[in-house]
>>> print(open('my_file_22.csv').read())   # CSV, N, CA, C and O atoms
chain,number,residue,atom,x,y,z
A,1446,MET,N,0.8,-1.2,0.0
A,1446,MET,CA,0.0,0.0,0.0
A,1446,MET,C,0.9,1.2,0.0
A,1446,MET,O,1.8,1.4,0.8
A,1447,THR,N,0.6,2.1,-0.9
A,1447,THR,CA,1.4,3.4,-1.0
A,1447,THR,C,0.7,4.4,-0.1
A,1447,THR,O,-0.5,4.7,-0.3
A,1448,ARG,N,1.4,5.0,0.8
A,1448,ARG,CA,0.8,5.9,1.7
A,1448,ARG,C,1.2,7.3,1.3
A,1448,ARG,O,2.2,7.6,0.8
A,1449,GLU,N,0.2,8.2,1.4
A,1449,GLU,CA,0.4,9.6,1.2
A,1449,GLU,C,0.9,10.3,2.5
A,1449,GLU,O,0.1,10.2,3.5
A,1450,TYR,N,2.0,10.9,2.5
A,1450,TYR,CA,2.5,11.5,3.7
A,1450,TYR,C,2.2,13.0,3.7
A,1450,TYR,O,3.0,13.8,3.3
A,1451,SER,N,1.0,13.3,4.1
A,1451,SER,CA,0.5,14.7,4.2
A,1451,SER,C,1.4,15.5,5.1
A,1451,SER,O,2.1,15.0,6.0
A,1452,ALA,N,1.2,16.8,5.0
A,1452,ALA,CA,1.9,17.8,5.9
A,1452,ALA,C,1.4,17.5,7.4
A,1452,ALA,O,2.2,17.6,8.3
A,1453,ASP,N,0.1,17.1,7.6
A,1453,ASP,CA,-0.4,16.8,8.9
A,1453,ASP,C,0.3,15.6,9.5
A,1453,ASP,O,0.7,15.6,10.7
A,1454,LEU,N,0.5,14.6,8.7
A,1454,LEU,CA,1.2,13.4,9.2
A,1454,LEU,C,2.7,13.7,9.5
A,1454,LEU,O,3.2,13.3,10.5
A,1455,GLN,N,3.3,14.5,8.6
A,1455,GLN,CA,4.7,14.9,8.9
A,1455,GLN,C,4.8,15.7,10.1
A,1455,GLN,O,5.8,15.6,10.9
A,1456,LYS,N,3.8,16.6,10.4
A,1456,LYS,CA,3.8,17.4,11.6
A,1456,LYS,C,3.7,16.4,12.8
A,1456,LYS,O,4.3,16.6,13.8
A,1457,LEU,N,2.9,15.4,12.7
A,1457,LEU,CA,2.7,14.4,13.8
A,1457,LEU,C,4.1,13.7,14.0
A,1457,LEU,O,4.4,13.5,15.2
A,1458,PHE,N,4.8,13.4,13.0
A,1458,PHE,CA,6.2,12.9,13.2
A,1458,PHE,C,7.0,13.8,14.1
A,1458,PHE,O,7.7,13.3,15.0
A,1459,LEU,N,7.0,15.1,13.8
A,1459,LEU,CA,7.8,16.0,14.6
A,1459,LEU,C,7.3,16.1,16.0
A,1459,LEU,O,8.1,16.1,16.9
A,1460,GLU,N,6.0,16.1,16.2
A,1460,GLU,CA,5.4,16.1,17.5
A,1460,GLU,C,5.8,14.8,18.3
A,1460,GLU,O,6.1,14.9,19.5
A,1461,MET,N,5.8,13.7,17.7
A,1461,MET,CA,6.2,12.5,18.3
A,1461,MET,C,7.6,12.4,18.7
A,1461,MET,O,8.0,11.9,19.7
A,1462,MET,N,8.5,13.1,17.9
A,1462,MET,CA,9.9,13.2,18.3
A,1462,MET,C,10.0,14.0,19.6
A,1462,MET,O,10.9,13.7,20.4
A,1463,LEU,N,9.3,15.1,19.6
A,1463,LEU,CA,9.4,16.0,20.8
A,1463,LEU,C,8.8,15.4,22.1
A,1463,LEU,O,9.3,15.6,23.2
A,1464,CYS,N,7.8,14.5,21.9
A,1464,CYS,CA,7.2,14.0,23.1
A,1464,CYS,C,8.0,12.8,23.7
A,1464,CYS,O,7.9,12.5,24.9
A,1465,ASP,N,8.9,12.2,22.9
A,1465,ASP,CA,9.8,11.2,23.4
A,1465,ASP,C,11.1,11.2,22.6
A,1465,ASP,O,11.2,10.9,21.5
A,1466,ALA,N,12.1,11.8,23.3
A,1466,ALA,CA,13.4,11.9,22.7
A,1466,ALA,C,14.0,10.6,22.1
A,1466,ALA,O,14.7,10.7,21.1
A,1467,GLN,N,13.6,9.5,22.6
A,1467,GLN,CA,14.0,8.2,22.1
A,1467,GLN,C,13.5,8.0,20.7
A,1467,GLN,O,14.2,7.4,19.9
A,1468,ASN,N,12.4,8.6,20.4
A,1468,ASN,CA,11.9,8.5,19.0
A,1468,ASN,C,12.8,9.2,18.0
A,1468,ASN,O,13.2,8.7,17.0
A,1469,PHE,N,13.3,10.4,18.5
A,1469,PHE,CA,14.2,11.1,17.6
A,1469,PHE,C,15.6,10.4,17.5
A,1469,PHE,O,16.1,10.2,16.4
A,1470,VAL,N,16.0,9.8,18.6
A,1470,VAL,CA,17.3,9.1,18.6
A,1470,VAL,C,17.2,7.9,17.6
A,1470,VAL,O,18.1,7.6,16.9
A,1471,ARG,N,16.1,7.2,17.7
A,1471,ARG,CA,15.9,6.0,16.8
A,1471,ARG,C,16.0,6.3,15.3
A,1471,ARG,O,16.4,5.5,14.5
A,1472,VAL,N,15.5,7.5,14.9
A,1472,VAL,CA,15.5,7.8,13.5
A,1472,VAL,C,16.5,8.9,13.1
A,1472,VAL,O,16.6,9.3,11.9
A,1473,GLN,N,17.4,9.2,14.0
A,1473,GLN,CA,18.3,10.3,13.7
A,1473,GLN,C,19.2,10.0,12.5
A,1473,GLN,O,19.5,10.9,11.8
A,1474,ASN,N,19.6,8.8,12.4
A,1474,ASN,CA,20.5,8.5,11.3
A,1474,ASN,C,19.9,8.6,9.9
A,1474,ASN,O,20.5,8.6,8.9
A,1475,ILE,N,18.5,8.5,9.8
A,1475,ILE,CA,17.8,8.7,8.5
A,1475,ILE,C,17.1,10.0,8.4
A,1475,ILE,O,16.4,10.3,7.4
A,1476,TYR,N,17.1,10.8,9.5
A,1476,TYR,CA,16.4,12.1,9.5
A,1476,TYR,C,17.0,13.1,8.5
A,1476,TYR,O,18.3,13.3,8.6
A,1477,ASN,N,16.2,13.6,7.7
A,1477,ASN,CA,16.7,14.6,6.7
A,1477,ASN,C,15.6,15.7,6.6
A,1477,ASN,O,14.5,15.4,6.1
A,1478,SER,N,15.9,16.9,7.0
A,1478,SER,CA,14.9,18.0,7.0
A,1478,SER,C,14.4,18.2,5.6
A,1478,SER,O,13.3,18.7,5.4
A,1479,GLU,N,15.2,17.9,4.5
A,1479,GLU,CA,14.8,18.1,3.2
A,1479,GLU,C,13.6,17.2,2.7
A,1479,GLU,O,12.9,17.5,1.7
A,1480,ASN,N,13.4,16.1,3.5
A,1480,ASN,CA,12.3,15.2,3.2
A,1480,ASN,C,10.9,15.8,3.6
A,1480,ASN,O,9.9,15.2,3.2
A,1481,PHE,N,10.9,16.8,4.4
A,1481,PHE,CA,9.6,17.3,5.0
A,1481,PHE,C,9.0,18.3,4.0
A,1481,PHE,O,9.6,18.9,3.2
A,1482,ASP,N,7.7,18.4,4.1
A,1482,ASP,CA,6.9,19.3,3.4
A,1482,ASP,C,7.5,20.7,3.5
A,1482,ASP,O,8.1,21.1,4.6
A,1483,ARG,N,7.4,21.5,2.5
A,1483,ARG,CA,8.0,22.8,2.5
A,1483,ARG,C,7.6,23.7,3.7
A,1483,ARG,O,8.3,24.4,4.2
A,1484,SER,N,6.3,23.5,4.1
A,1484,SER,CA,5.8,24.3,5.2
A,1484,SER,C,6.4,23.9,6.6
A,1484,SER,O,6.4,24.6,7.5
A,1485,LEU,N,7.0,22.7,6.6
A,1485,LEU,CA,7.6,22.2,7.9
A,1485,LEU,C,9.2,22.0,7.8
A,1485,LEU,O,9.8,21.7,8.8
A,1486,ARG,N,9.7,22.3,6.7
A,1486,ARG,CA,11.1,22.1,6.4
A,1486,ARG,C,12.0,23.0,7.4
A,1486,ARG,O,13.0,22.5,8.0
A,1487,GLU,N,11.6,24.2,7.6
A,1487,GLU,CA,12.4,25.1,8.5
A,1487,GLU,C,12.4,24.6,9.9
A,1487,GLU,O,13.3,24.6,10.6
A,1488,THR,N,11.2,24.1,10.3
A,1488,THR,CA,11.0,23.5,11.7
A,1488,THR,C,11.9,22.2,11.8
A,1488,THR,O,12.6,22.1,12.8
A,1489,ALA,N,11.8,21.4,10.8
A,1489,ALA,CA,12.6,20.1,10.9
A,1489,ALA,C,14.1,20.4,10.9
A,1489,ALA,O,14.8,19.8,11.7
A,1490,LYS,N,14.5,21.4,10.2
A,1490,LYS,CA,15.9,21.8,10.1
A,1490,LYS,C,16.3,22.4,11.5
A,1490,LYS,O,17.4,22.0,12.0
A,1491,PHE,N,15.5,23.2,12.1
A,1491,PHE,CA,15.8,23.8,13.4
A,1491,PHE,C,15.9,22.7,14.5
A,1491,PHE,O,16.8,22.7,15.3
A,1492,ILE,N,15.0,21.7,14.5
A,1492,ILE,CA,15.1,20.7,15.4
A,1492,ILE,C,16.4,19.9,15.3
A,1492,ILE,O,17.1,19.6,16.3
A,1493,ASN,N,16.8,19.6,14.1
A,1493,ASN,CA,18.0,18.9,13.9
A,1493,ASN,C,19.2,19.7,14.3
A,1493,ASN,O,20.1,19.1,14.9
A,1494,GLU,N,19.3,20.9,13.9
A,1494,GLU,CA,20.4,21.8,14.2
A,1494,GLU,C,20.5,22.0,15.7
A,1494,GLU,O,21.6,22.0,16.3
A,1495,TYR,N,19.4,22.2,16.4
A,1495,TYR,CA,19.4,22.4,17.8
A,1495,TYR,C,19.9,21.1,18.5
A,1495,TYR,O,20.7,21.2,19.4
A,1496,SER,N,19.4,20.0,18.1
A,1496,SER,CA,19.8,18.7,18.6
A,1496,SER,C,21.3,18.5,18.5
A,1496,SER,O,22.0,18.1,19.4
A,1497,ASP,N,21.9,18.8,17.3
A,1497,ASP,CA,23.3,18.7,17.1
A,1497,ASP,C,24.1,19.6,18.0
A,1497,ASP,O,25.1,19.2,18.6
A,1498,LYS,N,23.6,20.8,18.2
A,1498,LYS,CA,24.4,21.8,19.0
A,1498,LYS,C,24.2,21.6,20.5
A,1498,LYS,O,25.2,21.7,21.2
A,1499,TYR,N,23.0,21.3,20.9
A,1499,TYR,CA,22.8,21.3,22.4
A,1499,TYR,C,22.6,19.9,22.9
A,1499,TYR,O,22.4,19.7,24.1
A,1500,LYS,N,22.6,18.9,22.1
A,1500,LYS,CA,22.4,17.4,22.5
A,1500,LYS,C,21.1,17.2,23.3
A,1500,LYS,O,21.1,16.4,24.2
A,1501,SER,N,20.1,17.9,22.9
A,1501,SER,CA,18.8,17.7,23.4
A,1501,SER,C,17.8,18.3,22.4
A,1501,SER,O,18.2,18.9,21.4
A,1502,LEU,N,16.5,18.1,22.6
A,1502,LEU,CA,15.5,18.6,21.7
A,1502,LEU,C,15.0,20.0,22.2
A,1502,LEU,O,14.9,20.2,23.4
A,1503,PRO,N,14.6,20.9,21.3
A,1503,PRO,CA,14.1,22.1,21.7
A,1503,PRO,C,12.7,22.0,22.3
A,1503,PRO,O,12.0,21.0,22.0
A,1504,SER,N,12.2,22.9,23.0
A,1504,SER,CA,10.9,22.9,23.6
A,1504,SER,C,9.9,23.4,22.5
A,1504,SER,O,10.3,24.1,21.5
A,1505,PRO,N,8.6,23.0,22.6
A,1505,PRO,CA,7.7,23.6,21.6
A,1505,PRO,C,7.6,25.1,21.6
A,1505,PRO,O,7.4,25.7,20.5
A,1506,GLU,N,7.9,25.7,22.7
A,1506,GLU,CA,7.9,27.2,22.8
A,1506,GLU,C,9.1,27.7,22.0
A,1506,GLU,O,9.0,28.8,21.3
A,1507,GLN,N,10.3,27.1,22.1
A,1507,GLN,CA,11.4,27.5,21.3
A,1507,GLN,C,11.1,27.4,19.8
A,1507,GLN,O,11.5,28.2,19.0
A,1508,ILE,N,10.5,26.3,19.4
A,1508,ILE,CA,10.2,26.0,18.0
A,1508,ILE,C,9.2,27.1,17.5
A,1508,ILE,O,9.4,27.6,16.4
A,1509,LYS,N,8.2,27.4,18.3
A,1509,LYS,CA,7.2,28.4,17.8
A,1509,LYS,C,7.9,29.7,17.7
A,1509,LYS,O,7.6,30.5,16.7
A,1510,ALA,N,8.7,30.1,18.7
A,1510,ALA,CA,9.3,31.4,18.6
A,1510,ALA,C,10.3,31.6,17.5
A,1510,ALA,O,10.5,32.6,16.9
A,1511,THR,N,11.0,30.5,17.1
A,1511,THR,CA,12.0,30.5,16.1
A,1511,THR,C,11.4,30.3,14.7
A,1511,THR,O,11.8,31.0,13.8
A,1512,THR,N,10.5,29.4,14.6
A,1512,THR,CA,10.0,29.0,13.2
A,1512,THR,C,8.6,29.4,13.0
A,1512,THR,O,8.1,29.3,11.8
A,1513,GLY,N,7.8,29.7,14.0
A,1513,GLY,CA,6.4,30.0,13.9
A,1513,GLY,C,5.5,28.8,13.8
A,1513,GLY,O,4.3,28.9,13.7
A,1514,THR,N,6.0,27.6,13.9
A,1514,THR,CA,5.3,26.4,13.8
A,1514,THR,C,4.9,26.0,15.2
A,1514,THR,O,5.7,25.9,16.1
A,1515,GLU,N,3.6,25.7,15.4
A,1515,GLU,CA,3.1,25.3,16.8
A,1515,GLU,C,3.0,23.8,16.8
A,1515,GLU,O,2.3,23.2,16.0
A,1516,LEU,N,3.8,23.1,17.6
A,1516,LEU,CA,3.8,21.7,17.8
A,1516,LEU,C,3.3,21.3,19.1
A,1516,LEU,O,3.6,22.0,20.1
A,1517,LYS,N,2.4,20.3,19.2
A,1517,LYS,CA,1.8,19.9,20.5
A,1517,LYS,C,2.6,18.7,21.0
A,1517,LYS,O,3.0,17.9,20.2
A,1518,VAL,N,2.7,18.7,22.3
A,1518,VAL,CA,3.4,17.5,22.9
A,1518,VAL,C,2.4,16.8,23.8
A,1518,VAL,O,1.9,17.4,24.8
A,1519,ASP,N,2.1,15.6,23.4
A,1519,ASP,CA,1.2,14.8,24.2
A,1519,ASP,C,1.9,13.6,24.7
A,1519,ASP,O,2.4,12.7,23.9
A,1520,PRO,N,2.2,13.5,26.0
A,1520,PRO,CA,2.9,12.3,26.5
A,1520,PRO,C,2.4,11.0,26.2
A,1520,PRO,O,3.1,10.0,26.1
A,1521,ASN,N,1.1,10.9,25.9
A,1521,ASN,CA,0.4,9.6,25.5
A,1521,ASN,C,0.9,9.1,24.1
A,1521,ASN,O,0.8,7.9,23.8
A,1522,MET,N,1.5,10.0,23.3
A,1522,MET,CA,2.0,9.6,22.0
A,1522,MET,C,3.2,8.6,22.1
A,1522,MET,O,3.4,7.9,21.2
A,1523,SER,N,3.9,8.6,23.3
A,1523,SER,CA,5.0,7.8,23.4
A,1523,SER,C,4.6,6.3,23.4
A,1523,SER,O,5.5,5.4,23.1
A,1524,GLU,N,3.3,6.0,23.6
A,1524,GLU,CA,2.9,4.6,23.5
A,1524,GLU,C,2.9,4.1,22.1
A,1524,GLU,O,2.8,2.9,21.9
A,1525,HIS,N,3.1,4.9,21.1
A,1525,HIS,CA,3.0,4.5,19.7
A,1525,HIS,C,4.4,4.6,19.0
A,1525,HIS,O,4.5,4.8,17.8
A,1526,SER,N,5.4,4.3,19.8
A,1526,SER,CA,6.8,4.4,19.3
A,1526,SER,C,7.1,3.5,18.1
A,1526,SER,O,7.8,3.8,17.2
A,1527,GLU,N,6.6,2.3,18.2
A,1527,GLU,CA,6.9,1.3,17.2
A,1527,GLU,C,6.2,1.7,15.9
A,1527,GLU,O,6.8,1.7,14.8
A,1528,TRP,N,5.0,2.2,15.9
A,1528,TRP,CA,4.3,2.7,14.8
A,1528,TRP,C,5.1,3.9,14.2
A,1528,TRP,O,5.4,4.0,13.0
A,1529,PHE,N,5.5,4.8,15.0
A,1529,PHE,CA,6.3,6.0,14.6
A,1529,PHE,C,7.6,5.5,13.8
A,1529,PHE,O,7.9,6.0,12.7
A,1530,THR,N,8.3,4.6,14.4
A,1530,THR,CA,9.6,4.2,13.8
A,1530,THR,C,9.3,3.6,12.5
A,1530,THR,O,10.0,3.9,11.5
A,1531,ASN,N,8.3,2.7,12.4
A,1531,ASN,CA,8.0,2.0,11.1
A,1531,ASN,C,7.6,3.0,10.0
A,1531,ASN,O,8.0,3.0,8.9
A,1532,GLU,N,6.7,3.9,10.4
A,1532,GLU,CA,6.1,4.9,9.5
A,1532,GLU,C,7.2,5.9,9.0
A,1532,GLU,O,7.3,6.3,7.9
A,1533,PHE,N,8.0,6.3,10.0
A,1533,PHE,CA,9.0,7.3,9.6
A,1533,PHE,C,10.1,6.7,8.7
A,1533,PHE,O,10.5,7.4,7.8
A,1534,GLU,N,10.4,5.4,8.9
A,1534,GLU,CA,11.3,4.7,8.0
A,1534,GLU,C,10.7,4.7,6.6
A,1534,GLU,O,11.4,4.9,5.6
A,1535,GLN,N,9.4,4.3,6.4
A,1535,GLN,CA,8.8,4.3,5.1
A,1535,GLN,C,8.7,5.7,4.5
A,1535,GLN,O,8.9,5.8,3.3
A,1536,PHE,N,8.4,6.7,5.3
A,1536,PHE,CA,8.4,8.0,4.8
A,1536,PHE,C,9.7,8.5,4.3
A,1536,PHE,O,9.8,9.0,3.2
A,1537,THR,N,10.8,8.2,5.0
A,1537,THR,CA,12.1,8.5,4.6
A,1537,THR,C,12.5,7.8,3.3
A,1537,THR,O,13.0,8.5,2.3
A,1538,LYS,N,12.2,6.5,3.2
A,1538,LYS,CA,12.5,5.8,1.9
A,1538,LYS,C,11.8,6.4,0.7
A,1538,LYS,O,12.4,6.6,-0.3
A,1539,ARG,N,10.5,6.7,0.9
A,1539,ARG,CA,9.7,7.3,-0.2
A,1539,ARG,C,10.2,8.6,-0.6
A,1539,ARG,O,10.4,8.9,-1.8
A,1540,GLN,N,10.5,9.5,0.4
A,1540,GLN,CA,10.9,10.9,0.1
A,1540,GLN,C,12.3,10.9,-0.6
A,1540,GLN,O,12.6,11.6,-1.5
A,1541,GLU,N,13.2,10.0,-0.1
A,1541,GLU,CA,14.6,10.0,-0.6
A,1541,GLU,C,14.5,9.5,-2.1
A,1541,GLU,O,15.2,10.0,-2.9
A,1542,LEU,N,13.7,8.5,-2.3
A,1542,LEU,CA,13.6,7.9,-3.7
A,1542,LEU,C,13.0,9.0,-4.6
A,1542,LEU,O,13.4,9.2,-5.7
A,1543,GLU,N,12.0,9.7,-4.1
A,1543,GLU,CA,11.3,10.7,-4.9
A,1543,GLU,C,12.3,11.8,-5.3
A,1543,GLU,O,12.3,12.3,-6.4
A,1544,ARG,N,13.1,12.2,-4.3
A,1544,ARG,CA,14.1,13.3,-4.6
A,1544,ARG,C,15.1,12.8,-5.5
A,1544,ARG,O,15.6,13.6,-6.4
A,1545,ALA,N,15.6,11.6,-5.4
A,1545,ALA,CA,16.6,11.0,-6.3
A,1545,ALA,C,16.1,11.0,-7.8
A,1545,ALA,O,16.8,11.3,-8.7
A,1546,ILE,N,14.8,10.6,-7.9
A,1546,ILE,CA,14.2,10.5,-9.3
A,1546,ILE,C,14.1,11.9,-9.8
A,1546,ILE,O,14.5,12.1,-11.0
A,1547,LEU,N,13.7,12.9,-9.1
A,1547,LEU,CA,13.5,14.3,-9.6
A,1547,LEU,C,14.9,14.8,-9.9
A,1547,LEU,O,15.1,15.6,-10.9
A,1548,LYS,N,15.9,14.5,-9.1
A,1548,LYS,CA,17.2,15.0,-9.3
A,1548,LYS,C,17.9,14.4,-10.6
A,1548,LYS,O,18.6,15.1,-11.3
A,1549,SER,N,17.6,13.2,-10.9
A,1549,SER,CA,18.1,12.6,-12.1
A,1549,SER,C,17.5,13.0,-13.4
A,1549,SER,O,18.0,12.8,-14.5
A,1550,ALA,N,16.2,13.5,-13.3
A,1550,ALA,CA,15.5,13.9,-14.5
A,1550,ALA,C,16.0,15.2,-15.1
A,1550,ALA,O,16.6,16.0,-14.6
>>> encode(input="my_file_22.csv", output="structure tokens")
Amino acid sequence: MTREYSADLQKLFLEMMLCDAQNFVRVQNIYNSENFDRSLRETAKFINEYSDKYKSLPSPEQIKATTGTELKVDPNMSEHSEWFTNEFEQFTKRQELERAILKSA
């Protein structure tokens, strides 16, 4: 089944990373801010750069003040870590393949 990774779903990925830092750690090696929707790319880039520099994740308030994107943090989302990891991996594969095809054209 081919899934459409809407901006809302991509925003959910970012929110799930913020609610459980282990989610971010699990996908950090495949995380690429260029894979995100244009409306979320600056936010995804900020999260990655902040993490690299400060070795932690920014707060939702820092993200909103810096990028204008409001992300919600729901501690109950951490129950869905396995889903997140699987879906984010599929999202990354699809986006990387799509960008490679467009680049080669």
>>> closest_residue(input="my_file_22.csv", among="A:Gln1473, A:Asn1468, A:Ser1523, A:Ser1451", to="Asp1497 (chain A)", atoms="only C-alpha atoms")
A:Gln1473
>>> atom_distance(input="my_file_22.csv", atom1="CA of Lys1490 (chain A)", atom2="CA of Leu1502 (chain A)")
12.0 Å
>>> closest_residue(input="my_file_22.csv", among="A:Glu1487, A:Glu1494, A:Glu1449, A:Asp1519", to="Asp1465 (chain A)", atoms="all atoms listed in the file")
A:Asp1519
>>> select_by_dssp(input="my_file_22.csv", residues="chain A", states="alpha helix (DSSP H)", output="JSON, numbers by chain")
{"A": [1452, 1453, 1454, 1455, 1456, 1457, 1458, 1459, 1460, 1461, 1462, 1463, 1464, 1466, 1467, 1468, 1469, 1470, 1471, 1472, 1483, 1484, 1485, 1486, 1487, 1488, 1489, 1490, 1491, 1492, 1493, 1494, 1495, 1496, 1497, 1498, 1499, 1505, 1506, 1507, 1508, 1509, 1510, 1511, 1512, 1526, 1527, 1528, 1529, 1530, 1531, 1532, 1533, 1534, 1535, 1536, 1537, 1538, 1539, 1540, 1541, 1542, 1543, 1544, 1545, 1546, 1547, 1548, 1549]}
>>> atom_distance(input="my_file_22.csv", atom1="atom C of Val1472 (chain A)", atom2="atom N of Thr1537 (chain A)")
9.9 Å
>>> atom_distance(input="my_file_22.csv", atom1="atom C of Thr1530 (chain A)", atom2="atom O of Phe1469 (chain A)")
10.2 Å
>>> closest_residue(input="my_file_22.csv", among="A:Lys1498, A:Lys1456, A:Arg1471, A:Lys1509", to="Leu1485 (chain A)", atoms="only C-alpha atoms")
A:Lys1456
>>> closest_residue(input="my_file_22.csv", among="A:Phe1536, A:Phe1529, A:Phe1458, A:Tyr1450", to="Thr1488 (chain A)", atoms="only C-alpha atoms")
A:Phe1458
>>> residues_near_point(input="my_file_22.csv", point="(8.4, 12.3, -0.7)", cutoff="8 Å", atoms="only N, CA, C and O atoms", output="list of chain:residue names")
A:Arg1448, A:Tyr1450, A:Glu1479, A:Asn1480, A:Phe1481, A:Asp1482, A:Gln1535, A:Phe1536, A:Thr1537, A:Lys1538, A:Arg1539, A:Gln1540, A:Glu1541, A:Leu1542, A:Glu1543, A:Arg1544
>>> write_last_selection(input="my_file_22.csv", atoms="N, CA, C and O atoms", output="compact mmCIF listing (two decimals), in the coordinates of the input")
# COMPACT_ATOMS: atom_id res chain seq x y z
N ARG A 1448 1.40 5.00 0.80
CA ARG A 1448 0.80 5.90 1.70
C ARG A 1448 1.20 7.30 1.30
O ARG A 1448 2.20 7.60 0.80
N TYR A 1450 2.00 10.90 2.50
CA TYR A 1450 2.50 11.50 3.70
C TYR A 1450 2.20 13.00 3.70
O TYR A 1450 3.00 13.80 3.30
N GLU A 1479 15.20 17.90 4.50
CA GLU A 1479 14.80 18.10 3.20
C GLU A 1479 13.60 17.20 2.70
O GLU A 1479 12.90 17.50 1.70
N ASN A 1480 13.40 16.10 3.50
CA ASN A 1480 12.30 15.20 3.20
C ASN A 1480 10.90 15.80 3.60
O ASN A 1480 9.90 15.20 3.20
N PHE A 1481 10.90 16.80 4.40
CA PHE A 1481 9.60 17.30 5.00
C PHE A 1481 9.00 18.30 4.00
O PHE A 1481 9.60 18.90 3.20
N ASP A 1482 7.70 18.40 4.10
CA ASP A 1482 6.90 19.30 3.40
C ASP A 1482 7.50 20.70 3.50
O ASP A 1482 8.10 21.10 4.60
N GLN A 1535 9.40 4.30 6.40
CA GLN A 1535 8.80 4.30 5.10
C GLN A 1535 8.70 5.70 4.50
O GLN A 1535 8.90 5.80 3.30
N PHE A 1536 8.40 6.70 5.30
CA PHE A 1536 8.40 8.00 4.80
C PHE A 1536 9.70 8.50 4.30
O PHE A 1536 9.80 9.00 3.20
N THR A 1537 10.80 8.20 5.00
CA THR A 1537 12.10 8.50 4.60
C THR A 1537 12.50 7.80 3.30
O THR A 1537 13.00 8.50 2.30
N LYS A 1538 12.20 6.50 3.20
CA LYS A 1538 12.50 5.80 1.90
C LYS A 1538 11.80 6.40 0.70
O LYS A 1538 12.40 6.60 -0.30
N ARG A 1539 10.50 6.70 0.90
CA ARG A 1539 9.70 7.30 -0.20
C ARG A 1539 10.20 8.60 -0.60
O ARG A 1539 10.40 8.90 -1.80
N GLN A 1540 10.50 9.50 0.40
CA GLN A 1540 10.90 10.90 0.10
C GLN A 1540 12.30 10.90 -0.60
O GLN A 1540 12.60 11.60 -1.50
N GLU A 1541 13.20 10.00 -0.10
CA GLU A 1541 14.60 10.00 -0.60
C GLU A 1541 14.50 9.50 -2.10
O GLU A 1541 15.20 10.00 -2.90
N LEU A 1542 13.70 8.50 -2.30
CA LEU A 1542 13.60 7.90 -3.70
C LEU A 1542 13.00 9.00 -4.60
O LEU A 1542 13.40 9.20 -5.70
N GLU A 1543 12.00 9.70 -4.10
CA GLU A 1543 11.30 10.70 -4.90
C GLU A 1543 12.30 11.80 -5.30
O GLU A 1543 12.30 12.30 -6.40
N ARG A 1544 13.10 12.20 -4.30
CA ARG A 1544 14.10 13.30 -4.60
C ARG A 1544 15.10 12.80 -5.50
O ARG A 1544 15.60 13.60 -6.40
>>> closest_residue(input="my_file_22.csv", among="A:Asp1453, A:Asn1477, A:Ala1466, A:Leu1516", to="Ser1501 (chain A)", atoms="all atoms listed in the file")
A:Ala1466
>>> closest_residue(input="my_file_22.csv", among="A:Val1470, A:Glu1534, A:Glu1524, A:Leu1463", to="Ser1504 (chain A)", atoms="only N, CA, C and O atoms")
A:Leu1463
